[in-house]
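Working notes for the structure below.
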Amino acid sequence: MNWITNYVRPRINSIFSRRDTPENLWSKCDDCGNMLFHRELRENLNVCTSCGHHMAITPRERFAALFDGGLFSEIAVPAPLEDPLKFRDQKRYPDRMRAAQKTTGEKEAMLVAEGEMGRTPIVAAAQDFSFMGGSMGMYVGNAIIAAAERAVARKNPLILFSAAGGARMQEGILSLMQMPRTTVAVQMLKEAGLPYIVVLTHPTTGGVTASYAMLGDVQIAEPNALICFAGPRVIEQTLGEKLPEGFQRAEYLLDHGMLDRVSPRTELRGELITITRMLMGLSPAVAGDLPPPGDTVEALDAPTEDEPAGKSAK
């Protein structure tokens, strides 16, 4: 055994060799390709600081940036049947659910919470596209109904952030039944004279667009969000024609009267405060008197089975 070759040289190489940069320190913009420092990206609410491209953001991170001080309480949602159709494709439906829960740390594709936004009590619901494409199943229907019932009981406005690929195929007709159920929930708000504001994020498609996502008193979208029922590729293949540039994107829908505003994520909280207070008949908020939103630099912890569903965010 050569002590210098087998011990000293590897030891010296390990000390002076270049250390690899941890992969989680940088993110690549899907649009412009620039590398973005993770802390700077989170501070900018997952919006590219170079080109303004809006990347995905979780419901918890979104709520932390929406509510005063990042504080909110989760609203319990009734749990539906686990696998009503005993559906199986390449995997069993319960197996897909467990995989999604492990990946996202969430129970399902929608989070419902309440708190104050600009000192105005609100109820908010947000879909998580990373959970099975944000697909609308029985749980999402229950979540919207629970949000609407809480808003009516507290006489609060409801703000919903949509992000979905459509109905959940593993629940078949039961997922499609959520379209009329959620429409009835929205009607409850209208009959109570309460504002229902929808923020459409990328992507919002399928049965979600054909129901609660397009029924808001005010329709806002994030820049360049895809908003449609059938996607552009399906339409092109059906018609055999090339679609206009930017077809079914937020700016196109705004130009054609389908939306009220297209607002960058970094400006959204201020606009929602102004719109909500106006619709509730409250005096305009003074910017200097508003409490700040929460800190989204560090990801918020998801509730565990041992913690109550109504805990406040950190």
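Residue names in the structure tokens use chain letters A, B, ... in the order shown, residue numbers from 1 in each chain, and ligand numbers from 1 in the order shown.
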DSSP alpha helix (DSSP H) residues within stretch 64-271 of chain A, as JSON, numbers by chain: {"A": [64, 65, 66, 93, 94, 95, 96, 97, 98, 99, 100, 101, 102, 103, 104, 138, 139, 140, 141, 142, 143, 144, 145, 146, 147, 148, 149, 150, 151, 152, 153, 154, 172, 173, 174, 175, 176, 178, 179, 180, 181, 182, 183, 184, 185, 186, 187, 188, 189, 190, 191, 232, 233, 234, 235, 236, 237, 238, 239, 250, 251, 252, 253, 254, 255, 265, 266, 267, 268, 269, 270, 271]}
Near-stretch 165-170 of chain A list (9 Å; only C-alpha atoms; drop same-chain fewer than 3 positions) as a PyMOL selection string: chain A and resi 83+85-89+93+129+132-138+173-176+178-179+203-209+229
With distances taken over only C-alpha atoms, which of A:Met188, A:Leu160, A:Ala124, A:Leu243 is nearest to A:Met214?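 Of A:Met188, A:Leu160, A:Ala124, A:Leu243, the one nearest A:Met214, counting only C-alpha atoms, is A:Leu160.
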Taking the chain letters and numbering used in this document, name the residues of stretch 54-198 of chain A that DSSP puts in strand (DSSP E), as a list in words. Ser73, Glu74, Met110, Leu111, Val112, Ala113, Glu114, Gly115, Glu116, Met117, Thr120, Pro121, Ile122, Val123, Ala124, Ala125, Ala126, Gln127, Leu158, Ile159, Leu160, Phe161, Ser162, Ala163, Ala164, Tyr196, Ile197 and Val198 of chain A
Keeping C-alpha atoms for every residue in the selection just given, could you write it to a file as a CSV table (one decimal), in the first residue's frame?
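Result written to result-v3.csv:
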```
chain,number,residue,atom,x,y,z
A,73,SER,CA,-56.5,29.9,8.8
A,74,GLU,CA,-57.4,26.9,6.8
A,110,MET,CA,-57.4,23.0,-3.7
A,111,LEU,CA,-56.6,25.0,-0.5
A,112,VAL,CA,-59.3,27.1,1.2
A,113,ALA,CA,-58.4,29.7,3.8
A,114,GLU,CA,-59.6,32.9,5.5
A,115,GLY,CA,-57.9,35.9,7.0
A,116,GLU,CA,-57.4,39.6,6.4
A,117,MET,CA,-56.2,41.3,3.2
A,120,THR,CA,-60.5,43.4,5.0
A,121,PRO,CA,-61.7,39.9,6.1
A,122,ILE,CA,-61.8,37.6,3.1
A,123,VAL,CA,-62.2,33.9,2.2
A,124,ALA,CA,-59.8,32.6,-0.5
A,125,ALA,CA,-59.4,29.4,-2.4
A,126,ALA,CA,-56.5,28.4,-4.7
A,127,GLN,CA,-55.9,25.4,-6.9
A,158,LEU,CA,-64.6,35.2,-1.9
A,159,ILE,CA,-61.4,35.3,-4.0
A,160,LEU,CA,-60.6,32.2,-6.1
A,161,PHE,CA,-57.3,31.5,-7.9
A,162,SER,CA,-57.9,28.9,-10.7
A,163,ALA,CA,-55.2,26.7,-12.2
A,164,ALA,CA,-56.4,23.4,-13.7
A,196,TYR,CA,-66.8,36.8,-6.0
A,197,ILE,CA,-63.5,37.6,-7.6
A,198,VAL,CA,-61.6,35.2,-9.9
```
Which residue gives the smallest distance to A:Gln219 among A:Glu108, A:Asp31, A:Glu43, A:Asp260, with only C-alpha atoms counted?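 Using only C-alpha atoms, the shortest distance to A:Gln219 belongs to A:Asp260.
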With only C-alpha atoms as the counted atoms, please give the residues lying no more than 8 Å from A:Thr182, apart from itself and same-chain residues fewer than 4 positions off, as an MDAnalysis selection string. chainID A and resid 141 144:145 178 186 211:212
re atom CA of A:Pro223 and atom CA of A:Gly246: distance 11.4 Å
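Atom CA of A:Pro291 to atom CA of A:Glu61 spans 17.5 Å [interatomic distance, one decimal].
The coordinates place atom CA of A:His256 at 12.9 Å from atom CA of A:Pro244.
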May I have the residues within 12 Å of A:Val47 as a compact mmCIF listing (two decimals) with N, CA and C atoms, in the first residue's frame, using only C-alpha atoms and disregarding those fewer than 4 positions away in the same chain?
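Below is the file part.txt, written as the result:
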```txt
# COMPACT_ATOMS: atom_id res chain seq x y z
N SER A 27 -32.70 28.57 -10.25
CA SER A 27 -33.81 28.08 -11.07
C SER A 27 -33.68 28.68 -12.46
N LYS A 28 -34.09 27.92 -13.44
CA LYS A 28 -34.01 28.38 -14.83
C LYS A 28 -35.38 28.85 -15.29
N CYS A 29 -35.42 30.04 -15.85
CA CYS A 29 -36.68 30.57 -16.37
C CYS A 29 -37.12 29.75 -17.57
N ASP A 30 -38.39 29.33 -17.56
CA ASP A 30 -38.91 28.51 -18.66
C ASP A 30 -39.02 29.29 -19.95
N ASP A 31 -39.06 30.62 -19.87
CA ASP A 31 -39.28 31.44 -21.05
C ASP A 31 -37.98 31.96 -21.65
N CYS A 32 -37.19 32.70 -20.85
CA CYS A 32 -35.97 33.32 -21.38
C CYS A 32 -34.73 32.48 -21.14
N LEU A 36 -31.83 32.07 -12.27
CA LEU A 36 -32.32 33.01 -11.26
C LEU A 36 -32.01 32.46 -9.87
N PHE A 37 -31.45 33.30 -9.02
CA PHE A 37 -31.14 32.90 -7.65
C PHE A 37 -32.45 32.65 -6.90
N HIS A 38 -32.52 31.54 -6.19
CA HIS A 38 -33.80 31.08 -5.64
C HIS A 38 -34.40 32.09 -4.67
N ARG A 39 -33.59 32.73 -3.85
CA ARG A 39 -34.14 33.69 -2.88
C ARG A 39 -34.70 34.92 -3.59
N GLU A 40 -33.99 35.39 -4.58
CA GLU A 40 -34.47 36.55 -5.36
C GLU A 40 -35.75 36.21 -6.10
N LEU A 41 -35.85 34.97 -6.60
CA LEU A 41 -37.04 34.54 -7.32
C LEU A 41 -38.24 34.46 -6.38
N ARG A 42 -38.04 33.94 -5.18
CA ARG A 42 -39.14 33.84 -4.22
C ARG A 42 -39.59 35.21 -3.75
N GLU A 43 -38.64 36.11 -3.56
CA GLU A 43 -39.01 37.46 -3.15
C GLU A 43 -39.86 38.15 -4.22
N CYS A 51 -37.45 38.64 -17.60
CA CYS A 51 -38.44 38.78 -18.67
C CYS A 51 -39.87 38.92 -18.16
N GLY A 52 -40.09 38.77 -16.85
CA GLY A 52 -41.44 38.90 -16.30
C GLY A 52 -42.30 37.66 -16.45
N HIS A 53 -41.70 36.53 -16.86
CA HIS A 53 -42.47 35.29 -17.00
C HIS A 53 -42.96 34.82 -15.64
N HIS A 54 -44.25 34.46 -15.57
CA HIS A 54 -44.86 34.01 -14.33
C HIS A 54 -44.74 32.49 -14.22
N MET A 55 -43.95 32.05 -13.26
CA MET A 55 -43.78 30.62 -13.02
C MET A 55 -44.82 30.13 -12.02
N ALA A 56 -44.89 28.83 -11.86
CA ALA A 56 -45.87 28.25 -10.94
C ALA A 56 -45.58 28.66 -9.51
N ILE A 57 -46.63 28.79 -8.73
CA ILE A 57 -46.51 29.13 -7.32
C ILE A 57 -47.55 28.30 -6.57
N GLU A 222 -53.43 36.49 -14.73
CA GLU A 222 -52.00 36.77 -14.74
C GLU A 222 -51.51 36.82 -16.18
N PRO A 223 -50.44 37.57 -16.45
CA PRO A 223 -49.95 37.72 -17.82
C PRO A 223 -49.65 36.39 -18.50
N PRO A 264 -49.95 41.77 -13.27
CA PRO A 264 -48.77 41.03 -12.80
C PRO A 264 -48.95 40.58 -11.37
N ARG A 265 -48.39 39.46 -11.05
CA ARG A 265 -48.54 38.87 -9.72
C ARG A 265 -48.03 39.80 -8.62
N THR A 266 -46.97 40.53 -8.91
CA THR A 266 -46.38 41.41 -7.90
C THR A 266 -47.28 42.61 -7.58
N GLU A 267 -48.26 42.92 -8.44
CA GLU A 267 -49.16 44.04 -8.22
C GLU A 267 -50.56 43.58 -7.81
```
Taking into account only C-alpha atoms, which residue in the set A:Val199, A:Ala99, A:Thr104, A:Pro78 is nearest to A:Arg60? A:Thr104
List the neighbours of A:Arg269 out to 9 Å using only C-alpha atoms; skip same-chain residues closer than 4 positions along the sequence, and give me the result as a list in words. Ala65, Leu66, Phe67, Met117, Gly118, Arg265, Ile273, Thr274 and Pro293 of chain A
Check the smallest atom-to-atom distance from each of A:Arg119, A:Glu245, A:Ala147, A:Glu82 to A:Gly69 using only C-alpha atoms, then report the winner.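 Nearest to A:Gly69: A:Arg119.
Residues within 8 Å of A:Leu259, counting only C-alpha atoms and excluding same-chain residues fewer than 4 positions away, are Val218, Gln219, Ile220, Ala221, Ala250, Leu253 and Leu254 of chain A.
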Print the selection's residues with N, CA and C atoms to a file, as a JSON list (two decimals), in the first residue's frame.
```json
[["chain", "number", "residue", "atom", "x", "y", "z"],
["A", 218, "VAL", "N", -65.67, 40.04, -10.98],
["A", 218, "VAL", "CA", -64.49, 40.63, -11.61],
["A", 218, "VAL", "C", -63.57, 39.50, -12.03],
["A", 219, "GLN", "N", -63.15, 39.54, -13.29],
["A", 219, "GLN", "CA", -62.28, 38.49, -13.85],
["A", 219, "GLN", "C", -60.89, 39.09, -14.09],
["A", 220, "ILE", "N", -59.90, 38.57, -13.36],
["A", 220, "ILE", "CA", -58.52, 39.02, -13.50],
["A", 220, "ILE", "C", -57.68, 37.82, -13.94],
["A", 221, "ALA", "N", -56.65, 38.08, -14.71],
["A", 221, "ALA", "CA", -55.75, 37.01, -15.12],
["A", 221, "ALA", "C", -54.31, 37.45, -14.98],
["A", 250, "ALA", "N", -54.12, 35.30, -21.94],
["A", 250, "ALA", "CA", -54.84, 36.31, -21.15],
["A", 250, "ALA", "C", -55.01, 37.62, -21.89],
["A", 253, "LEU", "N", -57.72, 37.40, -24.55],
["A", 253, "LEU", "CA", -59.06, 37.40, -23.96],
["A", 253, "LEU", "C", -59.45, 38.77, -23.43],
["A", 254, "LEU", "N", -58.47, 39.52, -22.91],
["A", 254, "LEU", "CA", -58.75, 40.87, -22.45],
["A", 254, "LEU", "C", -59.17, 41.76, -23.62]]
```
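Considering the residues A:Val77, A:Met177, A:Ala192, A:Ala151 and counting only C-alpha atoms, A:Tyr139 has its shortest atom-to-atom contact with A:Val77.
The environment of A:Met278 within 12 Å, counting only C-alpha atoms and disregarding residues fewer than 5 places along the same chain, consists of Thr120, Pro157, Leu194, Pro195, Val218, Glu271, Leu272, Ile273, Ser283, Pro284 and Ala285 of chain A.
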